[in-house]
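For reference, the structure is listed below as structure tokens.
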Amino acid sequence: MSQINVRVDGASYTDDVEPRTLLVHYLREQLGKVGTVVGCDTSNCGACTVHLDGEAVKSCTVFAVQADGCEVTTIEGIGADGALHPMQKAFHEMHGLQCGFCTPGMIMASIDLVNDNPDPTEDEVREGIEGNLCRCTGYQNIVRAVQQAAGEMHGRSAGATETLGAQS
Amino acid sequence: MTVTENAAELAPAKEVGQPRRRKEDARLITGRTTWTDNMVLPGMLHLAVVRSPVAHAKITSVDLTAAQQAPNIVAVFSGRDFAEEQGSIPCAWPVTPDMVNPGHPSIAVDEVNHVGEAVAIVVARSKAAAQDAVELVDIDYDVLPPVLDLETAVQDGANLVHDQLASNTSYHFVFDAGDAGTGADTDQAFADAEVVVSRRFVQQRLIPAFMEPRSVVVQPQGDNVTMWSSTQVPHVLRVMLAMVTGVPEHKLRIIAPDVGGGFGGKLQVNPEEVLSLLVARRLGKPVKWTETRSESLMAAHHGRGQVQYIDVAADREGNVKGLRVRLLADMGAYLRLITPGVPALGAFMFPGIYKFPAYRFECDGVFTNKVPTDAYRGAGRPEATFAIERIMDELAVELDMDPLELRRKNWINAEEFPFTTVAGLEYDSGNYDMATEQALELLGYDELRAEQQQRRQSGDPVQLGIGFSTFTEMCGLAPSRVLGSLAYGAGGWESASIRMLPTGKVEVVTGSTPHGQGHETAWSQLVADQLGVPFEDVEVLHGDTAVSPRGMDTYGSRSLVVGGTAVVKAAEKVVAKARKVAAHLLEASEDDLDFSAGKFNVRGTPGAEVGIQEIALAVFAAHNYPEGMEPSIDAEATFDPVNFSFPHGTHICAMEVDTETGMVKIRKYASVDDVGVIVNPLIVEGQIHGGLAQGIAQALYEEAVYDADGNLTTGSFVDYLVPSAADLPHFDTGNTVHAAPGNPIGAKGVGEAGCIASTPAVVNAALDAVRHLGVSDILMPLTPERVWRAIHHGGDGGDRATAGTNAYGGAQTESTAGVSTDASLGGEL
Ligand code: FES
Ligand code: FES
């Protein structure tokens with residue numbers, strides 16, 4: 001067992017973990033942060049994506065001990081004071097989710113993408129979220145959501161020319 | 001509030017048709033929902049399943065000692081331990097009276113029949129401990145030759161999957177329109193035909209690959225057992241588990257919390273569900289089992305898996321005269337819930353939208369040493385649609401006709417609906433011409449055709465092709481009597497009830513269990529319109545057999561058509577009861593009451609009105625209600641459709657093929673679907689998008705590949721290529737609306753349309769790009785290697801990859817047998 005100190009979604013924890021424990025399992029099983037989910041065992045799906053010191057990581061590729069001294073943000077910690085993060089709002093507005101299983105990871109990856117690229121083109125969004133699989137949506141509405149949130153996060157009007165459900 | 005004389009002015013805009021944002025989202029976008037794997041119960045133990053590493057073998061010895069002695073292990077079981085009580089995984093669809101079902105143990109006892117079959121179970125205090133001990137279970141196998149290839153499996157003297165059976169054929173199912181009286185004699189039609197085109201198509205095995213791995217939690221409490229499962233079908237599961245395990249149905253409660261996708265893959269009674277229940281009962285402790293992705297890909301059921309031999313007969317002018325279909329359908333090692341029924345369901349869809357005078361369908365269900373197949377989005381209909389839409393293109397080539405012209409010539413015209421097809425189905429409504437015109441426009445057809453011509457003339461290394469799929473499908477499963485006539489073990493009705501709460505809020509209980517479709521939103525829209533209550537005042541409950549006792553669940557694009565209609569019917573009953581109370585309270589005759597915007601008004605008496613939400617409170621107090629009536633306006637309804645519904649559409653794909661590298665790239669994809677009346681355009685569009693992604697993935701990316709020993713070589717997301725955002729194009733989608741006459745909503749069903757229609761459009765497009773280079777077929781998925789080989793060496797592209805590479809399928813997968821010769825592969829590649 002090794003002792004780690006981490007801040008997760010703004011709260012500090014000191015815990016003993018097995019050296020082999022993955023960050024995602026620490027979050028889910030020891031902290032009860034079950035908003036972050038596991039979709040694969042080969043680091044392909046991105047369902048487990050969280051922010052580690054502000055950068056998106058697949059939390060199944062990080063050992064809990066590697067997060068020692070770090071700040072972890074999960075889907076449960078991105079809304080400020082009970083309000084939704086613009087990315088969450090955009091996924092809702094643009095119907096960027098169906099079953100919602102990929103959604104936490106998709107949102108976390110997308111926030112990181114928009115932090116790096118404030119005004120991504122459709123292709124840039126598609127490339128940027130390539131590491132996150134969604135089986136339900138066909139991605140088109142996810143792309144719309146990311147672009148809409150990019151506008152809001154960077155103070156542009158939401159470019160809300162897109163009418164949803166208008167089928168084009 | 002201001003008083004107004006005109007109630008109509010106050011009437012809220014109709015909810016049906018609005019792109020309402022989903023109610024479900026709030027808990028999903030915040031990570032605050034309950035997936036089964038999130039469940040933690042006091043004293044809960046964790047299961048890990050030990051799985052067979054070989055495809056076909058007798059089990060000669062099992063040694064559990066080392067595993068039993070490992071730290072934190074509570075128990076280790078082998079198949080022997082449950083041999084007496086495990087029964088068989090049920091098969092609800094014996095498609096022929098003499099269908100052979102060898103039985104499907106949840107855990108192997110004496111022999112294993114596919115890689116990944118459960119052979120032992122480890123129970124531990126933690127998931128990690130259980131997984132560690134899996135390695136310590138020692139089982140010896142006496143390996144038998146695996147049966148992997150469909151065409152070999154049906155030869156005389158073939159190795160047998162089940163040595164107690166006479167052959168590998170489970171059933172032979174025939175539909176002959178001549179015999180059924182729905183068409184002319186097929187042999188005669190072919191004998192008289194001026195043109196006959198015959199093709200062999202392969203439907204590769206696919207894996208549903210829902211994003212949430214399957215997960216089960218079982219809690220035994222005294223005589224009662226509660227199971228949480230990531231299932232599409234809690235109601236079906238309850239009945240079946242009661243029958244299999246002997247836990248009385250009324251002592252068994254199944255809960256499907258939020259479920260992370262299914263696509264047919266969770267329409268199952270899973271061996272692991274049975275085993276979790278048996279272990280929990282044996283130990284008297286709550287248990288949890290959650291699969292890894294690798295387990296999911298190898299042990300959850302697969303879809304598709306057919307070799308199709310199709311003959312089409314026509315005259316020289318392009319009038320189709322007959323259709324003949326022979327299928328070998330891969331059952332896998334065992335029959336699961338509807339394994340045999342999937343190809344049989346497709347039997348009725350091969351004629352597509354065309355007016356064939358004669359039709360014969362034959363299918364052999366064939367056992368192989370692979371995981372069983374079963375429903376996957378479309379279930380039988382994508383396979384049929386692929387075959388007919390591909391062969392219409394081949395016939396067009398043979399006749400030197402434009403593929404769309406040939407289709408137009410043969411499809412059912414708008415004024416001919418309702419139209420009874422040669423397969424005996426009555427197509428309800430639609431306009432194939434209109435959808436096609438709209439799709440051509442969306443695509444920018446003329447420009448792309450011109451560009452194709454240019455590229456061809458200039459010998460551009462990147463060629464362009466355009467492919468069509470003008471399709472229909474049968475949805476709204478299903479009229480119970482029809483299911484009965486097809487020997488299906490249950491009905492196709494759906495149930496709903498509505499509870500009017502004292503404060504006027506409304507609870508809607510539906511038997512149709514969603515896993516991403518947005519029932520909570522769409523059902524709220526239906527009820528808001530029916531009862532005239534605000535959308536926000538409606539709560540939709542589902543997925544728990546204690547809350548929603550009756551249901552047939554969600555699959556086959558049935559939810560809105562059947563389940564939504566049950567909701568509407570229940571709402572009508574609520575209004576009828578409320579009308580009696582209103583008449584009583586307003587001291588008026590029922591006949592003098594108008595109901596609009598949630599209020600009963602006495603006609604011609606302004607101000608004499610009472611709202612349905614007030615009536616809910618009135619019957620709760622029950623101080624003043626009509627004689628002879630119960631003090632309740634709650635109601636329930638069960639709806640059993642009399643016909644299927646038939647969504648249709650035209651999908652057009654424009655595809656670039658790089659002849660130098662074999663890379664294909666969808667340049668543009670346009671689809672126009674007629675799914676009947678649209679309740680929520682946002683949800684409909686989303687369903688189309690998701691279906692397109694899966695259908696395109698079959699054409700371009702996905703295949704469950706087994707090697708010559710029966711190992712699944714696409715056993716992780718590294719090798720099984722679920723497409724990412726970068727792998728898919730933007731979709732241009734549209735709708736036409738022809739209401740379904742069979743239900744009051746007018747909806748036809750949308751869940752499977754995109755998946756059914758898109759695959760042949762994509763393959764037809766790729767072929768259209770390279771046909772002038774001598775290519776007439778390429779096996780799916782159209783990997784660059786296959787495409788390159790087909791262009792440069794002829795044939796259909798052959799194996800998925802060359803021998804020695806990871807994705808190599810060996811010489812013995814159904815996709816390759818009888819196809820890949822040295823010549824077709826272009827020699828020693
Ligand atoms: S669970 Fe981490 S990438 Fe799939
Ligand atoms: S919404 Fe279901 S996997 Fe993305």
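Lettering and numbering for the structure tokens are positional, with chains as A, B, ... in the shown order, residues counted from 1 in each chain, and ligands counted from 1 in the shown order.
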
Set the cut-off to 7 Å, count only C-alpha atoms and all ligand atoms, and list whatever residues fall near ligand 2 as a PyMOL selection string. (chain A and resi 97-103+133-137) or (chain B and resi 210-211+260-261+516)

If you count only C-alpha atoms, which residues fall within 6 Å of Gly46 (chain A), apart from same-chain ones fewer than 6 positions away, as number ranges by chain? A: 58, 105, 131-132

Hey, which residues sit close to ligand 1? Say within 8 Å, counting only C-alpha atoms and all ligand atoms, and write them as number ranges by chain. A: 24, 37-49, 58-61, 131-132

Let me see the file: selected residues, N, CA and C atoms, as a PDB file, in the first residue's frame.
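The resulting file, part22.pdb, is reproduced below:
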```
ATOM      1  N   VAL A  24      -8.917   5.420 -12.153  1.00  0.00           N
ATOM      2  CA  VAL A  24     -10.370   5.305 -12.324  1.00  0.00           C
ATOM      3  C   VAL A  24     -10.971   4.406 -11.248  1.00  0.00           C
ATOM      4  N   VAL A  37     -16.737   6.587 -15.619  1.00  0.00           N
ATOM      5  CA  VAL A  37     -17.055   5.177 -15.868  1.00  0.00           C
ATOM      6  C   VAL A  37     -15.948   4.488 -16.667  1.00  0.00           C
ATOM      7  N   VAL A  38     -16.055   3.175 -16.735  1.00  0.00           N
ATOM      8  CA  VAL A  38     -15.073   2.361 -17.436  1.00  0.00           C
ATOM      9  C   VAL A  38     -15.762   1.692 -18.627  1.00  0.00           C
ATOM     10  N   GLY A  39     -15.204   1.876 -19.807  1.00  0.00           N
ATOM     11  CA  GLY A  39     -15.839   1.281 -20.979  1.00  0.00           C
ATOM     12  C   GLY A  39     -14.982   0.266 -21.700  1.00  0.00           C
ATOM     13  N   CYS A  40     -13.714   0.162 -21.328  1.00  0.00           N
ATOM     14  CA  CYS A  40     -12.853  -0.782 -22.038  1.00  0.00           C
ATOM     15  C   CYS A  40     -11.682  -1.164 -21.154  1.00  0.00           C
ATOM     16  N   ASP A  41     -10.830  -2.048 -21.683  1.00  0.00           N
ATOM     17  CA  ASP A  41      -9.640  -2.421 -20.927  1.00  0.00           C
ATOM     18  C   ASP A  41      -8.377  -2.211 -21.748  1.00  0.00           C
ATOM     19  N   THR A  42      -8.493  -1.394 -22.801  1.00  0.00           N
ATOM     20  CA  THR A  42      -7.333  -1.161 -23.662  1.00  0.00           C
ATOM     21  C   THR A  42      -7.084   0.325 -23.907  1.00  0.00           C
ATOM     22  N   SER A  43      -7.681   1.189 -23.090  1.00  0.00           N
ATOM     23  CA  SER A  43      -7.485   2.639 -23.231  1.00  0.00           C
ATOM     24  C   SER A  43      -7.934   3.175 -24.571  1.00  0.00           C
ATOM     25  N   ASN A  44      -8.965   2.583 -25.135  1.00  0.00           N
ATOM     26  CA  ASN A  44      -9.472   3.040 -26.431  1.00  0.00           C
ATOM     27  C   ASN A  44     -10.708   3.917 -26.351  1.00  0.00           C
ATOM     28  N   CYS A  45     -11.527   3.772 -25.304  1.00  0.00           N
ATOM     29  CA  CYS A  45     -12.874   4.341 -25.379  1.00  0.00           C
ATOM     30  C   CYS A  45     -13.000   5.746 -24.814  1.00  0.00           C
ATOM     31  N   GLY A  46     -12.143   6.107 -23.868  1.00  0.00           N
ATOM     32  CA  GLY A  46     -12.204   7.454 -23.313  1.00  0.00           C
ATOM     33  C   GLY A  46     -13.332   7.714 -22.339  1.00  0.00           C
ATOM     34  N   ALA A  47     -14.126   6.683 -22.012  1.00  0.00           N
ATOM     35  CA  ALA A  47     -15.250   6.887 -21.095  1.00  0.00           C
ATOM     36  C   ALA A  47     -14.775   7.367 -19.723  1.00  0.00           C
ATOM     37  N   CYS A  48     -13.518   7.066 -19.398  1.00  0.00           N
ATOM     38  CA  CYS A  48     -12.973   7.333 -18.068  1.00  0.00           C
ATOM     39  C   CYS A  48     -12.244   8.668 -17.981  1.00  0.00           C
ATOM     40  N   THR A  49     -12.379   9.505 -19.013  1.00  0.00           N
ATOM     41  CA  THR A  49     -11.579  10.733 -19.077  1.00  0.00           C
ATOM     42  C   THR A  49     -11.883  11.698 -17.920  1.00  0.00           C
ATOM     43  N   LYS A  58      -7.015   9.796 -19.729  1.00  0.00           N
ATOM     44  CA  LYS A  58      -7.854   8.627 -19.538  1.00  0.00           C
ATOM     45  C   LYS A  58      -7.459   8.030 -18.195  1.00  0.00           C
ATOM     46  N   SER A  59      -8.376   8.050 -17.257  1.00  0.00           N
ATOM     47  CA  SER A  59      -7.994   7.699 -15.884  1.00  0.00           C
ATOM     48  C   SER A  59      -7.752   6.211 -15.724  1.00  0.00           C
ATOM     49  N   CYS A  60      -7.974   5.429 -16.789  1.00  0.00           N
ATOM     50  CA  CYS A  60      -7.592   4.021 -16.741  1.00  0.00           C
ATOM     51  C   CYS A  60      -6.160   3.817 -17.199  1.00  0.00           C
ATOM     52  N   THR A  61      -5.498   4.914 -17.602  1.00  0.00           N
ATOM     53  CA  THR A  61      -4.099   4.782 -18.012  1.00  0.00           C
ATOM     54  C   THR A  61      -3.157   5.404 -16.986  1.00  0.00           C
ATOM     55  N   GLY A 131     -10.264  10.032 -29.516  1.00  0.00           N
ATOM     56  CA  GLY A 131      -9.968   9.036 -28.488  1.00  0.00           C
ATOM     57  C   GLY A 131     -11.163   8.685 -27.624  1.00  0.00           C
ATOM     58  N   ASN A 132     -12.315   9.222 -27.939  1.00  0.00           N
ATOM     59  CA  ASN A 132     -13.516   8.936 -27.158  1.00  0.00           C
ATOM     60  C   ASN A 132     -14.569   8.302 -28.053  1.00  0.00           C
TER      61      ASN A 132
END
```

Need to verify the contact set: Tyr26 (chain A), 9 Å, only C-alpha atoms, exclusion of same-chain residues closer than 6 positions in sequence. Can you return it as a list in words? Val17, Gly32, Lys33, Phe63 and Ala64 of chain A

Pull C-alpha atoms from the residues just selected and write them as a compact mmCIF listing (two decimals), in the first residue's frame.
```
# COMPACT_ATOMS: atom_id res chain seq x y z
CA VAL A 17 -3.89 2.54 -2.32
CA GLY A 32 -17.53 6.82 -4.82
CA LYS A 33 -17.00 9.12 -7.77
CA PHE A 63 -2.13 4.78 -11.55
CA ALA A 64 -3.69 6.31 -8.49
```

Report the residues of region 293-428 of chain B whose backbone DSSP state falls under strand (DSSP E or B), written as a PyMOL selection string. chain B and resi 302-314+320-332+354+358-367+373+411+419-420+426-427

I'd like to know which of B:Gln698, B:Ser294, B:Gln525, B:Gln155 is closest to chain A, using only C-alpha atoms. B:Ser294

Which residue out of B:His793, B:Lys321, B:Arg316, B:Lys505 has the minimum interatomic distance to Ala396 (chain B) when only C-alpha atoms are used?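 Nearest to Ala396 (chain B): B:Arg316.
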
Among the residues of chain A, find those DSSP assigns to helix (DSSP H, G or I) from the backbone and print them as a PyMOL selection string. chain A and resi 23-30+64-67+75-77+86-93+103-116+122-128+140-153

Taking into account only C-alpha atoms, which residue in the set A:Gln147, A:Thr36, A:Ser12, A:Ser2 is nearest to chain B?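 Selected residue with least distance to chain B: A:Thr36.
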
Write out as an NGL selection string each polymer residue whose atoms come within 8 Å of Pro146 (chain B), counting only C-alpha atoms; drop sequence neighbours fewer than 6 positions from it. :B and (55-56 or 159 or 161 or 368-369 or 709-710)

For region 628-643 of chain B, please output as a short mmCIF file (atom, residue, chain, number, x, y, z; two decimals) with all heavy atoms, in the first residue's frame all residues within 8 Å (counting only C-alpha atoms; exclusion window: fewer than 2 positions along the same chain).
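Below you can see selection11.cif, which holds the result:
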```cif
data_model
loop_
_atom_site.label_atom_id
_atom_site.label_comp_id
_atom_site.auth_asym_id
_atom_site.auth_seq_id
_atom_site.Cartn_x
_atom_site.Cartn_y
_atom_site.Cartn_z
N GLU B 426 -48.48 -6.27 -45.48
CA GLU B 426 -49.23 -5.13 -46.01
C GLU B 426 -48.51 -3.84 -45.65
O GLU B 426 -48.56 -3.39 -44.50
CB GLU B 426 -50.65 -5.12 -45.45
CG GLU B 426 -51.53 -4.11 -46.18
CD GLU B 426 -52.87 -3.91 -45.50
OE1 GLU B 426 -53.76 -4.76 -45.70
OE2 GLU B 426 -53.00 -2.92 -44.75
N GLY B 476 -42.24 -1.69 -35.27
CA GLY B 476 -43.36 -1.74 -34.36
C GLY B 476 -43.67 -3.17 -33.98
O GLY B 476 -44.83 -3.61 -34.04
N ALA B 478 -44.80 -6.07 -31.99
CA ALA B 478 -45.36 -6.61 -33.20
C ALA B 478 -46.76 -7.09 -32.89
O ALA B 478 -47.11 -7.28 -31.73
CB ALA B 478 -44.53 -7.79 -33.68
N PRO B 479 -47.58 -7.27 -33.94
CA PRO B 479 -48.89 -7.87 -33.71
C PRO B 479 -48.72 -9.24 -33.05
O PRO B 479 -48.04 -10.11 -33.60
CB PRO B 479 -49.46 -8.00 -35.11
CG PRO B 479 -48.67 -7.04 -35.96
CD PRO B 479 -47.33 -6.97 -35.34
N SER B 480 -49.31 -9.45 -31.89
CA SER B 480 -49.08 -10.70 -31.16
C SER B 480 -49.50 -11.91 -31.96
O SER B 480 -48.86 -12.96 -31.92
CB SER B 480 -49.82 -10.66 -29.82
OG SER B 480 -49.31 -9.60 -29.04
N GLY B 492 -46.52 -9.24 -28.67
CA GLY B 492 -45.80 -8.00 -28.99
C GLY B 492 -46.54 -6.77 -28.55
O GLY B 492 -46.31 -5.68 -29.03
N TRP B 493 -47.43 -6.94 -27.58
CA TRP B 493 -48.19 -5.81 -27.05
C TRP B 493 -47.29 -4.93 -26.18
O TRP B 493 -46.17 -5.31 -25.87
CB TRP B 493 -49.37 -6.32 -26.21
CG TRP B 493 -48.96 -7.39 -25.23
CD1 TRP B 493 -49.05 -8.74 -25.41
CD2 TRP B 493 -48.35 -7.21 -23.94
NE1 TRP B 493 -48.54 -9.40 -24.31
CE2 TRP B 493 -48.11 -8.49 -23.40
CE3 TRP B 493 -47.99 -6.08 -23.19
CZ2 TRP B 493 -47.52 -8.69 -22.14
CZ3 TRP B 493 -47.41 -6.28 -21.93
CH2 TRP B 493 -47.18 -7.57 -21.43
N GLU B 494 -47.81 -3.81 -25.74
CA GLU B 494 -47.13 -3.02 -24.72
C GLU B 494 -48.15 -2.40 -23.79
O GLU B 494 -49.31 -2.23 -24.15
CB GLU B 494 -46.24 -1.95 -25.35
CG GLU B 494 -45.23 -1.33 -24.38
CD GLU B 494 -44.46 -2.39 -23.59
OE1 GLU B 494 -43.43 -2.88 -24.07
OE2 GLU B 494 -44.93 -2.72 -22.47
N SER B 495 -47.65 -2.13 -22.59
CA SER B 495 -48.54 -1.70 -21.53
C SER B 495 -48.13 -0.33 -21.01
O SER B 495 -46.95 0.03 -21.05
CB SER B 495 -48.48 -2.76 -20.43
OG SER B 495 -48.79 -2.22 -19.19
N ALA B 496 -49.11 0.42 -20.52
CA ALA B 496 -48.82 1.71 -19.89
C ALA B 496 -49.88 2.00 -18.85
O ALA B 496 -51.02 1.55 -18.97
CB ALA B 496 -48.81 2.83 -20.93
N SER B 497 -49.50 2.74 -17.83
CA SER B 497 -50.52 3.24 -16.92
C SER B 497 -50.19 4.66 -16.53
O SER B 497 -49.04 5.10 -16.62
CB SER B 497 -50.67 2.33 -15.70
OG SER B 497 -49.46 2.24 -15.02
N ILE B 498 -51.23 5.36 -16.16
CA ILE B 498 -51.09 6.77 -15.79
C ILE B 498 -51.70 6.99 -14.42
O ILE B 498 -52.83 6.57 -14.16
CB ILE B 498 -51.77 7.69 -16.83
CG1 ILE B 498 -51.01 7.56 -18.16
CG2 ILE B 498 -51.80 9.13 -16.34
CD1 ILE B 498 -51.57 8.40 -19.28
N ARG B 499 -50.90 7.58 -13.54
CA ARG B 499 -51.37 7.87 -12.19
C ARG B 499 -51.45 9.38 -12.04
O ARG B 499 -50.46 10.09 -12.22
CB ARG B 499 -50.40 7.29 -11.17
CG ARG B 499 -50.19 5.80 -11.34
CD ARG B 499 -49.59 5.16 -10.10
NE ARG B 499 -48.19 5.43 -9.93
CZ ARG B 499 -47.23 4.48 -10.02
NH1 ARG B 499 -47.54 3.24 -10.30
NH2 ARG B 499 -45.97 4.81 -9.82
N MET B 500 -52.65 9.85 -11.71
CA MET B 500 -52.86 11.28 -11.49
C MET B 500 -52.66 11.54 -10.01
O MET B 500 -53.44 11.09 -9.17
CB MET B 500 -54.27 11.68 -11.92
CG MET B 500 -54.57 11.42 -13.39
SD MET B 500 -53.51 12.36 -14.52
CE MET B 500 -54.05 14.05 -14.18
N VAL B 562 -45.67 1.08 -30.36
CA VAL B 562 -46.51 0.21 -29.53
C VAL B 562 -46.62 0.78 -28.11
O VAL B 562 -47.72 0.98 -27.59
CB VAL B 562 -45.95 -1.23 -29.51
CG1 VAL B 562 -46.97 -2.17 -28.86
CG2 VAL B 562 -45.61 -1.72 -30.92
N GLY B 563 -45.46 1.05 -27.49
CA GLY B 563 -45.47 1.56 -26.11
C GLY B 563 -46.05 2.96 -26.02
O GLY B 563 -46.80 3.27 -25.09
N THR B 565 -48.22 4.23 -28.02
CA THR B 565 -49.67 4.13 -28.24
C THR B 565 -50.38 3.67 -26.97
O THR B 565 -51.46 4.17 -26.65
CB THR B 565 -49.96 3.16 -29.41
OG1 THR B 565 -49.34 3.69 -30.58
CG2 THR B 565 -51.44 3.00 -29.64
N ALA B 566 -49.76 2.76 -26.24
CA ALA B 566 -50.37 2.34 -24.97
C ALA B 566 -50.51 3.54 -24.03
O ALA B 566 -51.53 3.69 -23.34
CB ALA B 566 -49.51 1.24 -24.32
N VAL B 567 -49.52 4.42 -24.05
CA VAL B 567 -49.58 5.63 -23.22
C VAL B 567 -50.75 6.52 -23.66
O VAL B 567 -51.53 7.02 -22.83
CB VAL B 567 -48.24 6.40 -23.30
CG1 VAL B 567 -48.37 7.79 -22.69
CG2 VAL B 567 -47.13 5.61 -22.61
N LYS B 569 -53.43 5.60 -25.21
CA LYS B 569 -54.70 4.93 -24.87
C LYS B 569 -55.01 5.06 -23.38
O LYS B 569 -56.17 5.25 -22.99
CB LYS B 569 -54.64 3.45 -25.23
CG LYS B 569 -54.37 3.19 -26.71
CD LYS B 569 -55.65 2.81 -27.43
CE LYS B 569 -55.36 2.61 -28.90
NZ LYS B 569 -56.52 2.76 -29.74
N ALA B 570 -53.97 4.95 -22.56
CA ALA B 570 -54.19 5.12 -21.12
C ALA B 570 -54.65 6.55 -20.83
O ALA B 570 -55.55 6.78 -20.02
CB ALA B 570 -52.91 4.80 -20.35
N ALA B 571 -54.04 7.50 -21.53
CA ALA B 571 -54.42 8.91 -21.32
C ALA B 571 -55.88 9.14 -21.74
O ALA B 571 -56.61 9.88 -21.08
CB ALA B 571 -53.48 9.82 -22.11
N LYS B 573 -58.24 7.06 -21.51
CA LYS B 573 -59.09 6.52 -20.44
C LYS B 573 -59.12 7.47 -19.24
O LYS B 573 -60.16 7.63 -18.59
CB LYS B 573 -58.57 5.15 -19.99
CG LYS B 573 -58.77 4.05 -21.03
CD LYS B 573 -58.35 2.71 -20.43
CE LYS B 573 -58.37 1.60 -21.48
NZ LYS B 573 -57.90 0.32 -20.90
N VAL B 574 -57.97 8.09 -18.95
CA VAL B 574 -57.94 9.06 -17.85
C VAL B 574 -58.91 10.21 -18.16
O VAL B 574 -59.70 10.62 -17.31
CB VAL B 574 -56.50 9.61 -17.65
CG1 VAL B 574 -56.51 10.82 -16.70
CG2 VAL B 574 -55.58 8.51 -17.12
N VAL B 575 -58.86 10.69 -19.39
CA VAL B 575 -59.74 11.80 -19.76
C VAL B 575 -61.21 11.37 -19.68
O VAL B 575 -62.06 12.12 -19.19
CB VAL B 575 -59.40 12.32 -21.18
CG1 VAL B 575 -60.42 13.36 -21.65
CG2 VAL B 575 -57.98 12.90 -21.20
N LYS B 577 -62.53 9.11 -17.71
CA LYS B 577 -62.95 9.06 -16.30
C LYS B 577 -63.10 10.47 -15.73
O LYS B 577 -64.05 10.78 -15.00
CB LYS B 577 -61.92 8.30 -15.47
CG LYS B 577 -61.91 6.80 -15.71
CD LYS B 577 -60.95 6.14 -14.71
CE LYS B 577 -60.82 4.65 -15.01
NZ LYS B 577 -59.89 4.00 -14.04
N ALA B 578 -62.12 11.31 -16.08
CA ALA B 578 -62.16 12.68 -15.56
C ALA B 578 -63.40 13.42 -16.06
O ALA B 578 -63.97 14.26 -15.36
CB ALA B 578 -60.89 13.43 -15.97
N ALA B 616 -57.94 15.61 -10.28
CA ALA B 616 -57.08 14.64 -9.59
C ALA B 616 -57.14 14.86 -8.08
O ALA B 616 -57.22 13.90 -7.30
CB ALA B 616 -55.65 14.77 -10.10
N VAL B 619 -60.69 13.76 -6.67
CA VAL B 619 -60.91 12.33 -6.43
C VAL B 619 -59.99 11.80 -5.34
O VAL B 619 -60.27 10.77 -4.72
CB VAL B 619 -60.77 11.46 -7.71
CG1 VAL B 619 -61.88 11.75 -8.69
CG2 VAL B 619 -59.41 11.60 -8.35
N PHE B 620 -58.87 12.51 -5.09
CA PHE B 620 -58.01 12.13 -3.96
C PHE B 620 -58.75 12.41 -2.65
O PHE B 620 -58.84 11.56 -1.77
CB PHE B 620 -56.70 12.92 -4.03
CG PHE B 620 -55.86 12.81 -2.80
CD1 PHE B 620 -55.15 11.65 -2.53
CD2 PHE B 620 -55.78 13.88 -1.90
CE1 PHE B 620 -54.36 11.55 -1.39
CE2 PHE B 620 -55.00 13.79 -0.75
CZ PHE B 620 -54.29 12.62 -0.50
N ALA B 622 -61.92 12.81 -2.48
CA ALA B 622 -63.04 11.87 -2.64
C ALA B 622 -64.26 12.27 -1.82
O ALA B 622 -65.03 11.43 -1.38
CB ALA B 622 -62.59 10.45 -2.29
N TYR B 625 -67.84 12.86 -5.60
CA TYR B 625 -67.60 12.28 -6.92
C TYR B 625 -68.81 11.46 -7.31
O TYR B 625 -69.66 11.14 -6.48
CB TYR B 625 -66.31 11.44 -6.91
CG TYR B 625 -66.32 10.25 -5.98
CD1 TYR B 625 -66.61 8.97 -6.45
CD2 TYR B 625 -66.04 10.40 -4.62
CE1 TYR B 625 -66.61 7.88 -5.60
CE2 TYR B 625 -66.05 9.31 -3.76
CZ TYR B 625 -66.33 8.05 -4.26
OH TYR B 625 -66.37 6.97 -3.42
N PRO B 626 -68.94 11.11 -8.58
CA PRO B 626 -70.19 10.51 -9.06
C PRO B 626 -70.49 9.17 -8.39
O PRO B 626 -69.57 8.40 -8.10
CB PRO B 626 -69.94 10.30 -10.56
CG PRO B 626 -68.76 11.13 -10.90
CD PRO B 626 -67.96 11.30 -9.67
N SER B 645 -45.52 -1.49 -38.79
CA SER B 645 -45.44 -0.24 -39.53
C SER B 645 -44.21 -0.34 -40.43
O SER B 645 -43.31 -1.13 -40.15
CB SER B 645 -45.33 0.93 -38.56
OG SER B 645 -44.29 0.70 -37.64
N GLY B 742 -51.71 2.59 -38.57
CA GLY B 742 -51.95 1.54 -37.59
C GLY B 742 -51.92 1.98 -36.14
O GLY B 742 -52.15 1.16 -35.25
N ASN B 743 -51.57 3.23 -35.88
CA ASN B 743 -51.57 3.69 -34.48
C ASN B 743 -51.97 5.16 -34.44
O ASN B 743 -51.75 5.89 -35.40
CB ASN B 743 -50.21 3.43 -33.81
CG ASN B 743 -49.09 4.28 -34.41
OD1 ASN B 743 -49.01 5.47 -34.16
ND2 ASN B 743 -48.23 3.66 -35.22
#
```
